[in-house]
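Working notes for the structure below.
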Amino acid sequence: MRIVLLGPPGAGKGTQAQRIVDKFSIPHLSTGDMLRAAVHAGTDIGRKAKEIMAEGKLVSDHLVVAAVIERIAQPDSKRGFVLDGFPRTIGQAVAFDELLHRDAVDLDRVVELMADEDILLDRIETRAQEAKARGHTARADDNHEALKVRLDAYNEQTAPLVEYYRAKGVLRSIDGLQAVDAVTHDVFHAIEGLMP
Ligand code: AMP
């Protein structure tokens, strides 16, 4: 069961990925989480990614693809995985397809969470305020400026993946602005029948 969740920042990919993980016990691979961990640990990749991430821009394809290749090779990914935040460019998608084909496998489903930009801006700003109210520090890129850059990056570099995956016949698009449980219902429907 190899699934990609596609959608703009704040569309709820992380929340829905967690629900898939809980139900199907496959790992949640979030390149954003991997990169934040690398920044925190001060690794080579982390040092290269830190500034770019804080500005809301995309980290270069080769860094991200390398991180995914390493993660997919772990034994827990053999039964499948749910990818969140990757691929984000056509270059990443092509590199990823090649990687999967080497193991004679393919992506089973790409689920697009569709969401209106203005609502996303509000949502992310609320997420940052709530984190602060709980005494947590907000993500470095959860501010108005970086968010605009992240949405632009999505529209310019990631949105073309919708057509890329539609042409492969694996895309399912759902309304990401419904109540969280209703989105989960549609996500499960979109991946129905994939698990043996
Ligand atoms: P996310 O947690 O998915 O919103 O990702 C946070 C940030 O990490 C993004 O704004 C990018 O700077 C970087 N990032 C995460 N995934 C990717 C990716 N697949 N390609 C390039 N940059 C990424």
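Chain lettering (A, B, ...) mirrors the order of the structure tokens, residue numbering begins at 1 for each chain separately, and ligand numbering begins at 1 in order of display.
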
Which residues are near ligand 1 in this structure, taking near to mean any atom at most 6 Å from a ligand atom and counting only C-alpha atoms and all ligand atoms? Format them as a ChimeraX atom specification.
/A:9,31-33,52-53,56-61,64,85-88,150

At most 12 Å is the cut-off: for each residue in region 64-175 of chain A with any atom that close to an atom of region 180-194 of chain A, write down the nearest atom pair and the distance in Å rounded to one decimal, counting only C-alpha atoms, chain first then increasing number, as CSV.
residue,atom,partner,partner_atom,distance
A:Arg79,CA,A:Leu194,CA,11.4
A:Gly80,CA,A:Leu194,CA,10.3
A:Phe81,CA,A:Leu194,CA,11.9
A:Val82,CA,A:Ile191,CA,11.0
A:Leu107,CA,A:Leu194,CA,10.8
A:Asp108,CA,A:Leu194,CA,7.4
A:Arg109,CA,A:Ile191,CA,6.8
A:Val110,CA,A:Ile191,CA,8.9
A:Val111,CA,A:Val187,CA,7.1
A:Glu112,CA,A:Val187,CA,9.1
A:Leu113,CA,A:Val183,CA,8.4
A:Met114,CA,A:Val183,CA,10.4
A:Ala115,CA,A:Val183,CA,11.5
A:Val170,CA,A:Ala190,CA,9.9
A:Leu171,CA,A:Ala190,CA,9.0
A:Arg172,CA,A:Ala190,CA,6.3
A:Ser173,CA,A:Ala190,CA,8.5
A:Ile174,CA,A:Asp186,CA,6.8
A:Asp175,CA,A:Val183,CA,7.0

Those of chain A in DSSP helix (DSSP H, G or I), formatted as an MDAnalysis selection string:
chainID A and resid 13:24 31:41 44:55 61:72 75:77 90:102 117:133 144:158 160:168 180:190

Which residues are near Asp116 (chain A)? Cut-off 12 Å, only C-alpha atoms, ignore same chain within fewer than 3 positions. Put them as a PyMOL selection string.
chain A and resi 7-11+113+119-123+151+155+175-178
